[in-house]
Amino acid sequence: MKLVSFTVEKYRSITKAHRIGLDNTTILVGPNNEGKSNILRALVAAMDILTRGRGDDIRGARKLHGFYTRNFYNWELDYPIHLQKANPKGESIMILEFELSKEEIDEFKREVKSKLNGTLPIRIAISRTNIDISVNKKGRGAKTLSLKSSKIAFFVSSRLDFEHIPAVRTAEAAQDIVNEMVGKELQKLEIHPDYIDSLKKIGELQQPLLDSISSSIKTTLKQFLPNVKDVKLQIRSEDRYRALRRSCEIYIDDGTSTLLQYKGDGVQSLSALGLMRHASESGARGRNLVIAIEEPESHLHPKAIHSLKNVINELSQKYQIVLTTHCPLFVDRVFINSNIIVNNKRAKPAKNIEEIRKILGVKASDNLRNAELVLIVEGEDDRISLIALLKHFSDILRESLNNNTLVVDSLAGATNLSYKITQLRDTLCVCHSFLDNDKAGKSAYEKAKNEGLINLSEVNFANVAGLNESEFEDTLDITLYQDMIRNKYGVFINTSKFNSNKKWSERMRDIFKLQGKDWNDKIEKEVKNDVSELVSAKPDTAFNINKKDSFDNLVVSLENRLKKIREMNVVSG
């Protein structure tokens with residue numbers, strides 16, 4: 001069972017948000033005070049009413065209205081204030097549309113004794129005095145279905161669970177979760193004879209002390225209230241059980257073992273998120289789970305945000321996630337339509353990345369405005385060479401480079417990789433990297449990977465067989481540039497002494513120095529730029545045919561990523 005759309009009418013600032021499509025991950029984005037949090041909270045109220053009741057309680061929803069309003073909805077606060085005077089009986093409406101599998105359709109027919117065509121829209125209307133749950137269908141059979149609303153609610157709640165992770169995530173919230181988890185587990189002990197006997201013994205040890213205190217209190221009270229005959233203190237067995245279930249403290253050792261409540265806001269927030277995730281997953285018990293998260297970036301530093309993004313991505317593979325955010329990192333750059341723009345009190349799916357950038361106030365440079373994918377390379381010489389080579393060896397990449405849907409951007413040094421990826425992600429760009437297979441390239445990749453910025457599917461290295469370290473120039477044919485090196489620098493490289501197992505720049509340094517020439521960073525940069533100009537002029541003959549495997553794989557990787565992005569955009573559209 002999957003929640004595929006949500007409609008909300010007359011809830012707080014939202015007049016009407018009609019049929020918001022929900023996917024595995026749905027991201028609500030928009031300026032402050034425009035309603036994205038209110039849409040999420042309306043979803044929380046509707047899902048809580050539907051899933052927390054569990055059948056019999058749903059049938060008594062009208063009688064238990066005080067419980068529901070206290071926990072999920074307060075008409076005076078949640079029904080639009082500007083409508084309350086004219087509509088004292090006004091209702092907030094939420095419509096949840098569920099998609100059922102073939103097996104669930106058969107189960108529905110068997111349990112509810114009604115047929116469905118695959119979708120089940122449930123309407124929840126909440127007024128000042130009532131909650132009404134019905135099936136939002138028209139035509140023949142609609143009335144019969146609505147009469148079975150309690151059975152239908154039970155059918156849904158037995159197959160679907162829901163958890164809400166609020167923006168304020170404190171140590172107290174984490175403590176509540178742990179207490180509930182520990183309580184559930186310890187409750188299993190309460191039927192064990194040894195446990196029962198132990199608690200009985202504790203009661204017997206406590207009672208003389210309670211009796212003594214009772215006597216003391218009685219003596220004191222009789223001085224003020226002469227008619228008092230007796231005072232008795234006792235601890236109920238259930239209270240003793242409950243006290244043992246909930247006497248738990250959380251210590252976090254992140255270098256120093258400390259009570260969670262004394263950790264910083266970021267640690268408290270992440271701990272609460274992690275515990276909420278654990279409780280959500282363990283509590284689902286085979287049911288589909290919908291998790292609503294408010295502003296997951298709250299209180300977190302950039303590295304933690306990236307790690308959390310990866311956790312949310314993993315969760316979305318199994319469950320449905322709906323979240324609100326101001327952070328570009330959480331925007332779905334592949335399924336554009338999964339981003340719901342909330343503006344002017346209304347909600348609509350995003351049509352393109354530029355629309356999302358505008359609503360978040362993100363400014364992208366002109367060359368990145370239409371970019372679907374950005375290829376990150378180490379230096380400007382690599383950028384010049386690869387643009388020419390990619391255009392020559394791939395029709396798909398040539399077209400993408402010409403219309404700026406694929407852009408090649410340089411780092412000015414591998415150490416800047418993490419910064420560059422973060423910068424590009426903040427402008428809502430999807431990235432791929434092509435790095436030298438040397439210490440600097442590998443170190444930059446590991447750093448970015450540890451920060452949650454990149455994974456192995458998003459990078460290619462300039463590997464050359466037989467070399468422990470290699471860089472892009474190692475893949476080129478020496479005949480491309482040997483004459484230029486001889487004529488411009490007076491260095492002969494067509495010699496066995498240039499053919500060592502070192503990477504290209506080290507071999508070039510050694511041959512320059514061996515032949516009495518200076519070599520430094522400035523000269524290296526100049527030589528590499530000269531080589532890149534030759535590659536750009538002659539891409540068809542630039543490669544050593546036996547050393548271009550890493551480039552060939554880069555082409556395949558880029559073509560596949562562009563294809564996937566475009567397919568997803570078609571599906572989203």
# chains A, B, ... in the order shown; residues from 1 in each chain; ligands from 1

call {"tool": "residues_around", "arguments": {"residues": "Ile27 of chain A", "least_positions_apart": "6", "cutoff": "7 Å", "atoms": "only C-alpha atoms", "output": "MDAnalysis selection string"}}
result
chainID A and resid 322:324 331 338:340

call {"tool": "write_last_selection", "arguments": {"atoms": "N, CA and C atoms", "output": "short mmCIF file (atom, residue, chain, number, x, y, z; two decimals), in the first residue's frame"}}
result
data_model
loop_
_atom_site.label_atom_id
_atom_site.label_comp_id
_atom_site.auth_asym_id
_atom_site.auth_seq_id
_atom_site.Cartn_x
_atom_site.Cartn_y
_atom_site.Cartn_z
N VAL A 322 8.36 12.19 3.25
CA VAL A 322 7.86 13.52 2.90
C VAL A 322 8.58 14.50 3.83
N LEU A 323 9.26 15.49 3.25
CA LEU A 323 10.00 16.41 4.10
C LEU A 323 9.86 17.86 3.62
N THR A 324 10.04 18.78 4.57
CA THR A 324 10.13 20.20 4.24
C THR A 324 11.57 20.63 4.41
N VAL A 331 17.02 18.81 -2.17
CA VAL A 331 16.22 18.86 -3.40
C VAL A 331 16.56 17.66 -4.26
N SER A 338 9.28 15.51 -8.04
CA SER A 338 9.14 15.15 -6.62
C SER A 338 9.31 16.34 -5.70
N ASN A 339 9.77 17.46 -6.25
CA ASN A 339 9.90 18.69 -5.48
C ASN A 339 8.61 19.50 -5.62
N ILE A 340 7.94 19.72 -4.51
CA ILE A 340 6.67 20.45 -4.50
C ILE A 340 6.94 21.89 -4.05
#

call {"tool": "closest_residue", "arguments": {"among": "A:Leu186, A:Ile376, A:Leu83, A:Leu390", "to": "Ser418 of chain A", "atoms": "only C-alpha atoms"}}
result
A:Ile376

call {"tool": "atom_distance", "arguments": {"atom1": "atom CA of Ile133 of chain A", "atom2": "atom CA of Val342 of chain A"}}
result
26.7 Å

call {"tool": "atom_distance", "arguments": {"atom1": "atom CA of Lys113 of chain A", "atom2": "atom CA of Lys148 of chain A"}}
result
9.2 Å

call {"tool": "closest_residue", "arguments": {"among": "A:Asn24, A:Asn487, A:Thr475, A:Asn501", "to": "Ser550 of chain A", "atoms": "only C-alpha atoms"}}
result
A:Thr475

call {"tool": "select_by_dssp", "arguments": {"residues": "segment 3-175 of chain A", "states": "alpha helix (DSSP H)", "output": "count of residues only"}}
result
67

call {"tool": "residues_around", "arguments": {"residues": "segment 450-459 of chain A", "least_positions_apart": "5", "cutoff": "9 Å", "atoms": "only C-alpha atoms", "output": "compact mmCIF listing (two decimals) with C-alpha atoms, in the first residue's frame"}}
result
# COMPACT_ATOMS: atom_id res chain seq x y z
CA PRO A 302 27.35 20.66 6.68
CA LYS A 303 29.07 17.29 7.15
CA ALA A 304 26.19 16.00 9.27
CA ILE A 305 23.68 17.28 6.71
CA HIS A 306 25.40 15.30 3.96
CA SER A 307 25.42 12.17 6.12
CA LEU A 308 21.75 12.64 6.94
CA LYS A 309 20.96 13.05 3.24
CA ASN A 310 22.48 9.62 2.62
CA SER A 418 34.86 18.78 -1.52
CA ILE A 421 30.97 19.61 -5.02
CA THR A 422 29.35 21.48 -2.12
CA CYS A 431 28.03 16.20 -10.34
CA HIS A 432 30.43 13.60 -11.75
CA SER A 433 34.22 13.73 -11.24
CA PHE A 434 37.21 12.70 -13.33
CA LEU A 435 40.39 12.68 -11.23
CA TYR A 445 38.02 11.51 -3.28
CA LEU A 554 34.04 7.93 -18.39
CA SER A 557 29.30 6.79 -17.22

call {"tool": "select_by_dssp", "arguments": {"residues": "segment 5-160 of chain A", "states": "strand (DSSP E or B)", "output": "ChimeraX atom specification"}}
result
/A:5-11,14-21,25-29,92-99,119-126,131-135,160

call {"tool": "closest_residue", "arguments": {"among": "A:Asp474, A:Asp332, A:Asp552, A:Glu380", "to": "Asp530 of chain A", "atoms": "only C-alpha atoms"}}
result
A:Glu380

call {"tool": "residues_around", "arguments": {"residues": "Asn463 of chain A", "least_positions_apart": "3", "cutoff": "10 Å", "atoms": "only C-alpha atoms", "output": "number ranges by chain"}}
result
A: 435-438, 460, 466-472, 474-475, 547-551

call {"tool": "atom_distance", "arguments": {"atom1": "atom CA of His82 of chain A", "atom2": "atom CA of Ile14 of chain A"}}
result
11.7 Å

call {"tool": "residues_around", "arguments": {"residues": "Ser216 of chain A", "least_positions_apart": "4", "cutoff": "12 Å", "atoms": "only C-alpha atoms", "output": "list of chain:residue names"}}
result
A:Leu209, A:Leu210, A:Asp211, A:Ser212, A:Thr220, A:Leu221, A:Lys222, A:Gln223, A:Asp230, A:Val231, A:Lys232, A:Leu233

call {"tool": "closest_residue", "arguments": {"among": "A:Lys522, A:Lys188, A:Arg41, A:Lys442", "to": "Ile165 of chain A", "atoms": "only C-alpha atoms"}}
result
A:Arg41

call {"tool": "closest_residue", "arguments": {"among": "A:Val407, A:Ala86, A:Ala440, A:Val44", "to": "Arg383 of chain A", "atoms": "only C-alpha atoms"}}
result
A:Val407

call {"tool": "residues_around", "arguments": {"residues": "Phe6 of chain A", "least_positions_apart": "2", "cutoff": "6 Å", "atoms": "only C-alpha atoms", "output": "list in words"}}
result
Arg19, Ile20, Ile95 and Leu96 of chain A

call {"tool": "decode", "arguments": {"residues": "segment 186-218 of chain A", "atoms": "N, CA and C atoms", "output": "PDB file, in the first residue's frame"}}
result
ATOM      1  N   LEU A 186      10.953  -4.190  28.214  1.00  0.00           N
ATOM      2  CA  LEU A 186      10.926  -4.630  29.610  1.00  0.00           C
ATOM      3  C   LEU A 186       9.568  -5.182  30.013  1.00  0.00           C
ATOM      4  N   GLN A 187       8.532  -4.730  29.325  1.00  0.00           N
ATOM      5  CA  GLN A 187       7.189  -5.203  29.635  1.00  0.00           C
ATOM      6  C   GLN A 187       7.079  -6.723  29.438  1.00  0.00           C
ATOM      7  N   LYS A 188       7.931  -7.243  28.543  1.00  0.00           N
ATOM      8  CA  LYS A 188       7.916  -8.684  28.286  1.00  0.00           C
ATOM      9  C   LYS A 188       8.354  -9.484  29.519  1.00  0.00           C
ATOM     10  N   LEU A 189       9.146  -8.817  30.397  1.00  0.00           N
ATOM     11  CA  LEU A 189       9.630  -9.508  31.603  1.00  0.00           C
ATOM     12  C   LEU A 189       8.541  -9.650  32.662  1.00  0.00           C
ATOM     13  N   GLU A 190       7.489  -8.862  32.533  1.00  0.00           N
ATOM     14  CA  GLU A 190       6.531  -8.752  33.626  1.00  0.00           C
ATOM     15  C   GLU A 190       5.663  -9.986  33.818  1.00  0.00           C
ATOM     16  N   ILE A 191       5.816 -10.971  32.939  1.00  0.00           N
ATOM     17  CA  ILE A 191       5.118 -12.248  33.135  1.00  0.00           C
ATOM     18  C   ILE A 191       6.075 -13.332  33.649  1.00  0.00           C
ATOM     19  N   HIS A 192       7.348 -12.955  33.825  1.00  0.00           N
ATOM     20  CA  HIS A 192       8.348 -13.924  34.281  1.00  0.00           C
ATOM     21  C   HIS A 192       8.230 -14.093  35.805  1.00  0.00           C
ATOM     22  N   PRO A 193       8.119 -15.315  36.303  1.00  0.00           N
ATOM     23  CA  PRO A 193       7.933 -15.537  37.751  1.00  0.00           C
ATOM     24  C   PRO A 193       9.003 -14.880  38.608  1.00  0.00           C
ATOM     25  N   ASP A 194      10.275 -14.975  38.206  1.00  0.00           N
ATOM     26  CA  ASP A 194      11.349 -14.377  39.005  1.00  0.00           C
ATOM     27  C   ASP A 194      11.185 -12.862  39.102  1.00  0.00           C
ATOM     28  N   TYR A 195      10.764 -12.254  37.994  1.00  0.00           N
ATOM     29  CA  TYR A 195      10.560 -10.806  37.975  1.00  0.00           C
ATOM     30  C   TYR A 195       9.412 -10.435  38.909  1.00  0.00           C
ATOM     31  N   ILE A 196       8.322 -11.195  38.852  1.00  0.00           N
ATOM     32  CA  ILE A 196       7.153 -10.948  39.718  1.00  0.00           C
ATOM     33  C   ILE A 196       7.537 -11.092  41.189  1.00  0.00           C
ATOM     34  N   ASP A 197       8.301 -12.141  41.490  1.00  0.00           N
ATOM     35  CA  ASP A 197       8.727 -12.376  42.879  1.00  0.00           C
ATOM     36  C   ASP A 197       9.646 -11.252  43.365  1.00  0.00           C
ATOM     37  N   SER A 198      10.525 -10.791  42.486  1.00  0.00           N
ATOM     38  CA  SER A 198      11.459  -9.721  42.858  1.00  0.00           C
ATOM     39  C   SER A 198      10.716  -8.432  43.189  1.00  0.00           C
ATOM     40  N   LEU A 199       9.723  -8.093  42.347  1.00  0.00           N
ATOM     41  CA  LEU A 199       8.953  -6.880  42.596  1.00  0.00           C
ATOM     42  C   LEU A 199       8.128  -7.013  43.883  1.00  0.00           C
ATOM     43  N   LYS A 200       7.637  -8.215  44.143  1.00  0.00           N
ATOM     44  CA  LYS A 200       6.900  -8.449  45.384  1.00  0.00           C
ATOM     45  C   LYS A 200       7.815  -8.233  46.591  1.00  0.00           C
ATOM     46  N   LYS A 201       9.060  -8.700  46.462  1.00  0.00           N
ATOM     47  CA  LYS A 201      10.033  -8.536  47.549  1.00  0.00           C
ATOM     48  C   LYS A 201      10.359  -7.050  47.758  1.00  0.00           C
ATOM     49  N   ILE A 202      10.500  -6.315  46.627  1.00  0.00           N
ATOM     50  CA  ILE A 202      10.749  -4.871  46.720  1.00  0.00           C
ATOM     51  C   ILE A 202       9.595  -4.188  47.456  1.00  0.00           C
ATOM     52  N   GLY A 203       8.360  -4.595  47.110  1.00  0.00           N
ATOM     53  CA  GLY A 203       7.180  -4.035  47.772  1.00  0.00           C
ATOM     54  C   GLY A 203       7.189  -4.298  49.262  1.00  0.00           C
ATOM     55  N   GLU A 204       7.597  -5.518  49.661  1.00  0.00           N
ATOM     56  CA  GLU A 204       7.641  -5.883  51.072  1.00  0.00           C
ATOM     57  C   GLU A 204       8.703  -5.063  51.818  1.00  0.00           C
ATOM     58  N   LEU A 205       9.842  -4.769  51.124  1.00  0.00           N
ATOM     59  CA  LEU A 205      10.891  -3.961  51.741  1.00  0.00           C
ATOM     60  C   LEU A 205      10.485  -2.493  51.847  1.00  0.00           C
ATOM     61  N   GLN A 206       9.725  -2.038  50.881  1.00  0.00           N
ATOM     62  CA  GLN A 206       9.311  -0.636  50.874  1.00  0.00           C
ATOM     63  C   GLN A 206       8.210  -0.349  51.892  1.00  0.00           C
ATOM     64  N   GLN A 207       7.331  -1.316  52.113  1.00  0.00           N
ATOM     65  CA  GLN A 207       6.111  -1.049  52.884  1.00  0.00           C
ATOM     66  C   GLN A 207       6.376  -0.569  54.306  1.00  0.00           C
ATOM     67  N   PRO A 208       7.337  -1.171  55.065  1.00  0.00           N
ATOM     68  CA  PRO A 208       7.587  -0.648  56.430  1.00  0.00           C
ATOM     69  C   PRO A 208       7.992   0.826  56.428  1.00  0.00           C
ATOM     70  N   LEU A 209       8.770   1.243  55.432  1.00  0.00           N
ATOM     71  CA  LEU A 209       9.165   2.653  55.335  1.00  0.00           C
ATOM     72  C   LEU A 209       7.964   3.530  55.025  1.00  0.00           C
ATOM     73  N   LEU A 210       7.110   3.051  54.124  1.00  0.00           N
ATOM     74  CA  LEU A 210       5.900   3.800  53.790  1.00  0.00           C
ATOM     75  C   LEU A 210       4.979   3.904  55.002  1.00  0.00           C
ATOM     76  N   ASP A 211       4.886   2.796  55.766  1.00  0.00           N
ATOM     77  CA  ASP A 211       4.044   2.810  56.975  1.00  0.00           C
ATOM     78  C   ASP A 211       4.583   3.817  57.993  1.00  0.00           C
ATOM     79  N   SER A 212       5.910   3.871  58.122  1.00  0.00           N
ATOM     80  CA  SER A 212       6.523   4.817  59.068  1.00  0.00           C
ATOM     81  C   SER A 212       6.234   6.255  58.663  1.00  0.00           C
ATOM     82  N   ILE A 213       6.382   6.524  57.362  1.00  0.00           N
ATOM     83  CA  ILE A 213       6.086   7.877  56.875  1.00  0.00           C
ATOM     84  C   ILE A 213       4.603   8.193  57.067  1.00  0.00           C
ATOM     85  N   SER A 214       3.747   7.192  56.804  1.00  0.00           N
ATOM     86  CA  SER A 214       2.299   7.380  56.986  1.00  0.00           C
ATOM     87  C   SER A 214       1.988   7.797  58.419  1.00  0.00           C
ATOM     88  N   SER A 215       2.615   7.105  59.380  1.00  0.00           N
ATOM     89  CA  SER A 215       2.373   7.395  60.797  1.00  0.00           C
ATOM     90  C   SER A 215       2.813   8.812  61.148  1.00  0.00           C
ATOM     91  N   SER A 216       3.980   9.209  60.590  1.00  0.00           N
ATOM     92  CA  SER A 216       4.494  10.553  60.860  1.00  0.00           C
ATOM     93  C   SER A 216       3.564  11.622  60.294  1.00  0.00           C
ATOM     94  N   ILE A 217       3.085  11.383  59.065  1.00  0.00           N
ATOM     95  CA  ILE A 217       2.174  12.333  58.433  1.00  0.00           C
ATOM     96  C   ILE A 217       0.865  12.409  59.216  1.00  0.00           C
ATOM     97  N   LYS A 218       0.374  11.256  59.671  1.00  0.00           N
ATOM     98  CA  LYS A 218      -0.883  11.210  60.435  1.00  0.00           C
ATOM     99  C   LYS A 218      -0.760  12.062  61.710  1.00  0.00           C
TER     100      LYS A 218
END
